[in-house]
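Trainee: One structure, pasted below without further comment.
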Amino acid sequence: MIIIYHCFGGTHSSVTAAAIHLGLLPRDRLPTAAEFRALPYFDARRKGEEGEIRFMGRDSAGNNIYTVGKKNLGTRFEALFYDLAVALGVPQQEILLLNTSPLVNHAMKLGGFISRRLGLVSVGRPLVVWGTRRAYFNLVRFVNDRGALGGEAP
C-alpha cells in the first residue's frame, strides 16, 4: 500500500505524522525540539517544492510512506490524486491519503510562514517546533486511528 500524509506545505504536520507512523518519533512521549529538527524534510521545503512527493520510508507492514504539500488544492487534491492513480492503473484501494491539515495550529501556521515563506528560519523554526509539540499527541492519535488502516500497528 502507498500511504501519503499531506498538508498545506508538506513540511510540518505531514512530516511529523509520517515520522510517527514510521517510528522515527515516539508515540508515548513528547519529542524534543532537536528530534523534530533531525527529521528528514521537517521545515525544509523551499517555495515551489509544494506538490513534490517525498518518500519517508517503508513501515513494518511493507507500506511505502510519503509526504506532500498541496498548497491551496484543499479537497481537490485527493480527487485529483485518486483520479491520476486510476489513470495510471493503480487501484484506489492501494492508496491511502491522510490529510493532516486539520491538526495544524496557529503557531505552526505562523512559524511555517515566517520560516518557509519569509525565509526567517531562526525566528520561524522555533515557533513551528513549539506549535508542533503542542499538536503532537493529536498527530499521534491521528496516525494511530488512520495510519493503522494501512497495516501499521499503533
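Starting from 1 in every chain, residues are counted up; chains themselves are A, B, ... following the order of the C-alpha cells, and ligands are numbered from 1 as listed.
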Enumerate as a ChimeraX atom specification all residues of region 49-88 of chain A assigned to alpha helix (DSSP H) by DSSP on the backbone, naming them with the chain letters and numbers the document uses.
Mentor: /A:76-87
Trainee: Can you pull out every residue within 12 Å of region 23-31 of chain A, counting only C-alpha atoms, but drop anything in the same chain fewer than 6 positions away, and send it as a PyMOL selection string?
Mentor: chain A and resi 15-17+37-40+56-60+65+129-130+132-144+152-154
Trainee: I need the residues from that last selection saved to file as a PDB file, in the first residue's frame (with N, CA and C atoms), if you can.
Mentor:
ATOM      1  N   VAL A  15       4.982  15.684   7.735  1.00  0.00           N
ATOM      2  CA  VAL A  15       6.286  15.065   8.025  1.00  0.00           C
ATOM      3  C   VAL A  15       6.275  14.455   9.429  1.00  0.00           C
ATOM      4  N   THR A  16       5.687  15.183  10.377  1.00  0.00           N
ATOM      5  CA  THR A  16       5.618  14.669  11.748  1.00  0.00           C
ATOM      6  C   THR A  16       4.761  13.407  11.802  1.00  0.00           C
ATOM      7  N   ALA A  17       3.602  13.417  11.153  1.00  0.00           N
ATOM      8  CA  ALA A  17       2.730  12.236  11.146  1.00  0.00           C
ATOM      9  C   ALA A  17       3.427  11.045  10.492  1.00  0.00           C
ATOM     10  N   ARG A  37      13.855  18.700  14.606  1.00  0.00           N
ATOM     11  CA  ARG A  37      14.791  19.290  13.647  1.00  0.00           C
ATOM     12  C   ARG A  37      15.598  18.226  12.911  1.00  0.00           C
ATOM     13  N   ALA A  38      15.771  17.049  13.504  1.00  0.00           N
ATOM     14  CA  ALA A  38      16.559  15.977  12.884  1.00  0.00           C
ATOM     15  C   ALA A  38      15.762  15.186  11.841  1.00  0.00           C
ATOM     16  N   LEU A  39      14.460  15.395  11.786  1.00  0.00           N
ATOM     17  CA  LEU A  39      13.644  14.641  10.831  1.00  0.00           C
ATOM     18  C   LEU A  39      13.957  15.038   9.395  1.00  0.00           C
ATOM     19  N   PRO A  40      13.954  14.077   8.487  1.00  0.00           N
ATOM     20  CA  PRO A  40      14.113  14.443   7.076  1.00  0.00           C
ATOM     21  C   PRO A  40      12.916  15.280   6.636  1.00  0.00           C
ATOM     22  N   MET A  56       9.348   8.924   2.681  1.00  0.00           N
ATOM     23  CA  MET A  56       9.837   8.992   4.061  1.00  0.00           C
ATOM     24  C   MET A  56      10.374   7.644   4.542  1.00  0.00           C
ATOM     25  N   GLY A  57       9.879   6.559   3.969  1.00  0.00           N
ATOM     26  CA  GLY A  57      10.354   5.251   4.384  1.00  0.00           C
ATOM     27  C   GLY A  57       9.303   4.174   4.188  1.00  0.00           C
ATOM     28  N   ARG A  58       9.654   2.981   4.601  1.00  0.00           N
ATOM     29  CA  ARG A  58       8.762   1.824   4.494  1.00  0.00           C
ATOM     30  C   ARG A  58       8.455   1.360   5.922  1.00  0.00           C
ATOM     31  N   ASP A  59       7.166   1.160   6.201  1.00  0.00           N
ATOM     32  CA  ASP A  59       6.792   0.732   7.547  1.00  0.00           C
ATOM     33  C   ASP A  59       6.965  -0.778   7.709  1.00  0.00           C
ATOM     34  N   SER A  60       6.729  -1.267   8.917  1.00  0.00           N
ATOM     35  CA  SER A  60       6.967  -2.685   9.207  1.00  0.00           C
ATOM     36  C   SER A  60       6.028  -3.609   8.447  1.00  0.00           C
ATOM     37  N   ILE A  65       5.660   5.029   2.706  1.00  0.00           N
ATOM     38  CA  ILE A  65       5.122   6.210   3.364  1.00  0.00           C
ATOM     39  C   ILE A  65       5.727   7.455   2.721  1.00  0.00           C
ATOM     40  N   VAL A 129       8.271  24.511  15.759  1.00  0.00           N
ATOM     41  CA  VAL A 129       8.572  23.360  16.614  1.00  0.00           C
ATOM     42  C   VAL A 129       7.702  23.424  17.873  1.00  0.00           C
ATOM     43  N   TRP A 130       7.574  24.596  18.476  1.00  0.00           N
ATOM     44  CA  TRP A 130       6.729  24.761  19.663  1.00  0.00           C
ATOM     45  C   TRP A 130       5.287  24.378  19.332  1.00  0.00           C
ATOM     46  N   THR A 132       4.249  22.441  16.877  1.00  0.00           N
ATOM     47  CA  THR A 132       4.182  21.015  16.563  1.00  0.00           C
ATOM     48  C   THR A 132       4.198  20.195  17.844  1.00  0.00           C
ATOM     49  N   ARG A 133       4.967  20.628  18.819  1.00  0.00           N
ATOM     50  CA  ARG A 133       4.957  19.928  20.111  1.00  0.00           C
ATOM     51  C   ARG A 133       3.582  20.035  20.765  1.00  0.00           C
ATOM     52  N   ARG A 134       2.923  21.168  20.624  1.00  0.00           N
ATOM     53  CA  ARG A 134       1.572  21.331  21.196  1.00  0.00           C
ATOM     54  C   ARG A 134       0.553  20.446  20.481  1.00  0.00           C
ATOM     55  N   ALA A 135       0.729  20.210  19.196  1.00  0.00           N
ATOM     56  CA  ALA A 135      -0.199  19.393  18.410  1.00  0.00           C
ATOM     57  C   ALA A 135       0.190  17.914  18.401  1.00  0.00           C
ATOM     58  N   TYR A 136       1.306  17.586  19.021  1.00  0.00           N
ATOM     59  CA  TYR A 136       1.917  16.270  18.838  1.00  0.00           C
ATOM     60  C   TYR A 136       0.995  15.102  19.166  1.00  0.00           C
ATOM     61  N   PHE A 137       0.367  15.106  20.310  1.00  0.00           N
ATOM     62  CA  PHE A 137      -0.431  13.935  20.681  1.00  0.00           C
ATOM     63  C   PHE A 137      -1.715  13.838  19.863  1.00  0.00           C
ATOM     64  N   ASN A 138      -2.172  14.947  19.289  1.00  0.00           N
ATOM     65  CA  ASN A 138      -3.270  14.868  18.315  1.00  0.00           C
ATOM     66  C   ASN A 138      -2.785  14.167  17.048  1.00  0.00           C
ATOM     67  N   LEU A 139      -1.557  14.444  16.654  1.00  0.00           N
ATOM     68  CA  LEU A 139      -0.974  13.770  15.491  1.00  0.00           C
ATOM     69  C   LEU A 139      -0.767  12.280  15.778  1.00  0.00           C
ATOM     70  N   VAL A 140      -0.335  11.945  16.986  1.00  0.00           N
ATOM     71  CA  VAL A 140      -0.175  10.538  17.354  1.00  0.00           C
ATOM     72  C   VAL A 140      -1.519   9.826  17.257  1.00  0.00           C
ATOM     73  N   ARG A 141      -2.573  10.432  17.812  1.00  0.00           N
ATOM     74  CA  ARG A 141      -3.906   9.813  17.738  1.00  0.00           C
ATOM     75  C   ARG A 141      -4.353   9.647  16.294  1.00  0.00           C
ATOM     76  N   PHE A 142      -4.099  10.661  15.478  1.00  0.00           N
ATOM     77  CA  PHE A 142      -4.466  10.603  14.062  1.00  0.00           C
ATOM     78  C   PHE A 142      -3.777   9.423  13.374  1.00  0.00           C
ATOM     79  N   VAL A 143      -2.487   9.291  13.595  1.00  0.00           N
ATOM     80  CA  VAL A 143      -1.731   8.187  12.979  1.00  0.00           C
ATOM     81  C   VAL A 143      -2.231   6.849  13.508  1.00  0.00           C
ATOM     82  N   ASN A 144      -2.448   6.762  14.802  1.00  0.00           N
ATOM     83  CA  ASN A 144      -2.954   5.510  15.374  1.00  0.00           C
ATOM     84  C   ASN A 144      -4.307   5.136  14.782  1.00  0.00           C
ATOM     85  N   GLU A 152       0.005  -0.695   9.570  1.00  0.00           N
ATOM     86  CA  GLU A 152       0.996  -0.487  10.622  1.00  0.00           C
ATOM     87  C   GLU A 152       0.308  -0.567  11.978  1.00  0.00           C
ATOM     88  N   ALA A 153       0.845  -1.340  12.868  1.00  0.00           N
ATOM     89  CA  ALA A 153       0.253  -1.463  14.199  1.00  0.00           C
ATOM     90  C   ALA A 153       0.514  -0.201  14.999  1.00  0.00           C
ATOM     91  N   PRO A 154      -0.519   0.311  15.679  1.00  0.00           N
ATOM     92  CA  PRO A 154      -0.323   1.520  16.511  1.00  0.00           C
ATOM     93  C   PRO A 154       0.572   1.249  17.695  1.00  0.00           C
TER      94      PRO A 154
END
Trainee: List the neighbours of Ile114 (chain A) out to 9 Å using only C-alpha atoms; skip same-chain residues closer than 3 positions along the sequence, and give me the result as a list in words.
Mentor: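 Returned residues: Lys109, Leu110, Gly111, Arg117, Leu118, Gly119, Leu120, Val121, Val123, Gly124, Arg125 and Leu127 of chain A.
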Trainee: Store the residues of this selection in a file with C-alpha atoms, as a PDB file, in the first residue's frame.
Mentor:
ATOM      1  CA  LYS A 109       0.951  28.236  10.592  1.00  0.00           C
ATOM      2  CA  LEU A 110       2.698  31.405  11.732  1.00  0.00           C
ATOM      3  CA  GLY A 111       6.044  29.676  12.319  1.00  0.00           C
ATOM      4  CA  ARG A 117       7.798  31.912   3.137  1.00  0.00           C
ATOM      5  CA  LEU A 118       9.773  34.783   4.644  1.00  0.00           C
ATOM      6  CA  GLY A 119      12.987  32.796   4.984  1.00  0.00           C
ATOM      7  CA  LEU A 120      13.474  33.840   8.609  1.00  0.00           C
ATOM      8  CA  VAL A 121      14.312  30.356   9.820  1.00  0.00           C
ATOM      9  CA  VAL A 123      12.591  33.074  14.102  1.00  0.00           C
ATOM     10  CA  GLY A 124      10.057  30.761  12.466  1.00  0.00           C
ATOM     11  CA  ARG A 125      11.516  27.338  13.169  1.00  0.00           C
ATOM     12  CA  LEU A 127       7.794  28.729  16.736  1.00  0.00           C
TER      13      LEU A 127
END
Trainee: A:Leu80, A:Gly9, A:Ala19, A:Pro91: which is nearest Tyr66 (chain A), counting only C-alpha atoms?
Mentor: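 For Tyr66 (chain A), the nearest of the candidates is A:Ala19.
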Trainee: Which of these residues is nearest to Arg54 (chain A), using only C-alpha atoms: A:Leu22, A:Phe36, A:Tyr5, A:Ile95?
Mentor: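 Answer, going by the shortest atom-to-atom distance: A:Tyr5.
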Trainee: Extract, using only C-alpha atoms, all DNA, RNA and protein residues at most 12 Å from Asn72 (chain A), discarding same-chain residues fewer than 5 positions from it, and format them as a ChimeraX atom specification.
Mentor: /A:6-10,50-51,77,101
Trainee: Would you export the selected residues with C-alpha atoms as a CSV table (one decimal), in the first residue's frame, please?
Mentor:
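Contents of selection13.csv, freshly written:
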chain,number,residue,atom,x,y,z
A,6,HIS,CA,-0.5,15.6,3.2
A,7,CYS,CA,-0.9,19.2,4.4
A,8,PHE,CA,-0.5,22.7,3.0
A,9,GLY,CA,3.2,22.9,2.7
A,10,GLY,CA,4.3,19.3,3.3
A,50,GLU,CA,5.0,22.0,-2.9
A,51,GLY,CA,3.5,19.2,-4.8
A,77,PHE,CA,-6.0,17.3,-4.1
A,101,SER,CA,-4.1,19.9,7.8
Trainee: What does the distance from CA of Gly89 (chain A) to CA of His21 (chain A) come to in Å, to one decimal?
Mentor: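 Interatomic distance, CA of Gly89 (chain A) to CA of His21 (chain A): 26.4 Å.
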Trainee: Rounded to one decimal place, report the CA of Leu97 (chain A)-CA of Glu78 (chain A) distance in Å.
Mentor: 6.9 Å
Trainee: Nearest to Ser13 (chain A) among A:Arg116, A:Val86, A:Ala79, A:Phe42, with distances taken over only C-alpha atoms: which residue is it?
Mentor: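 For Ser13 (chain A), the nearest of the candidates is A:Phe42.
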Trainee: Which is closest to Pro102 (chain A) among A:Arg45, A:Asn64, A:Ser14, A:Val128, if we use only C-alpha atoms?
Mentor: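 The answer is A:Ser14, which sits nearest to Pro102 (chain A).
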Trainee: Quote the spacing between CA of Ile4 (chain A) and CA of Leu98 (chain A) in Å to one decimal place.
Mentor: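 CA of Leu98 (chain A) lies 6.1 Å from CA of Ile4 (chain A).
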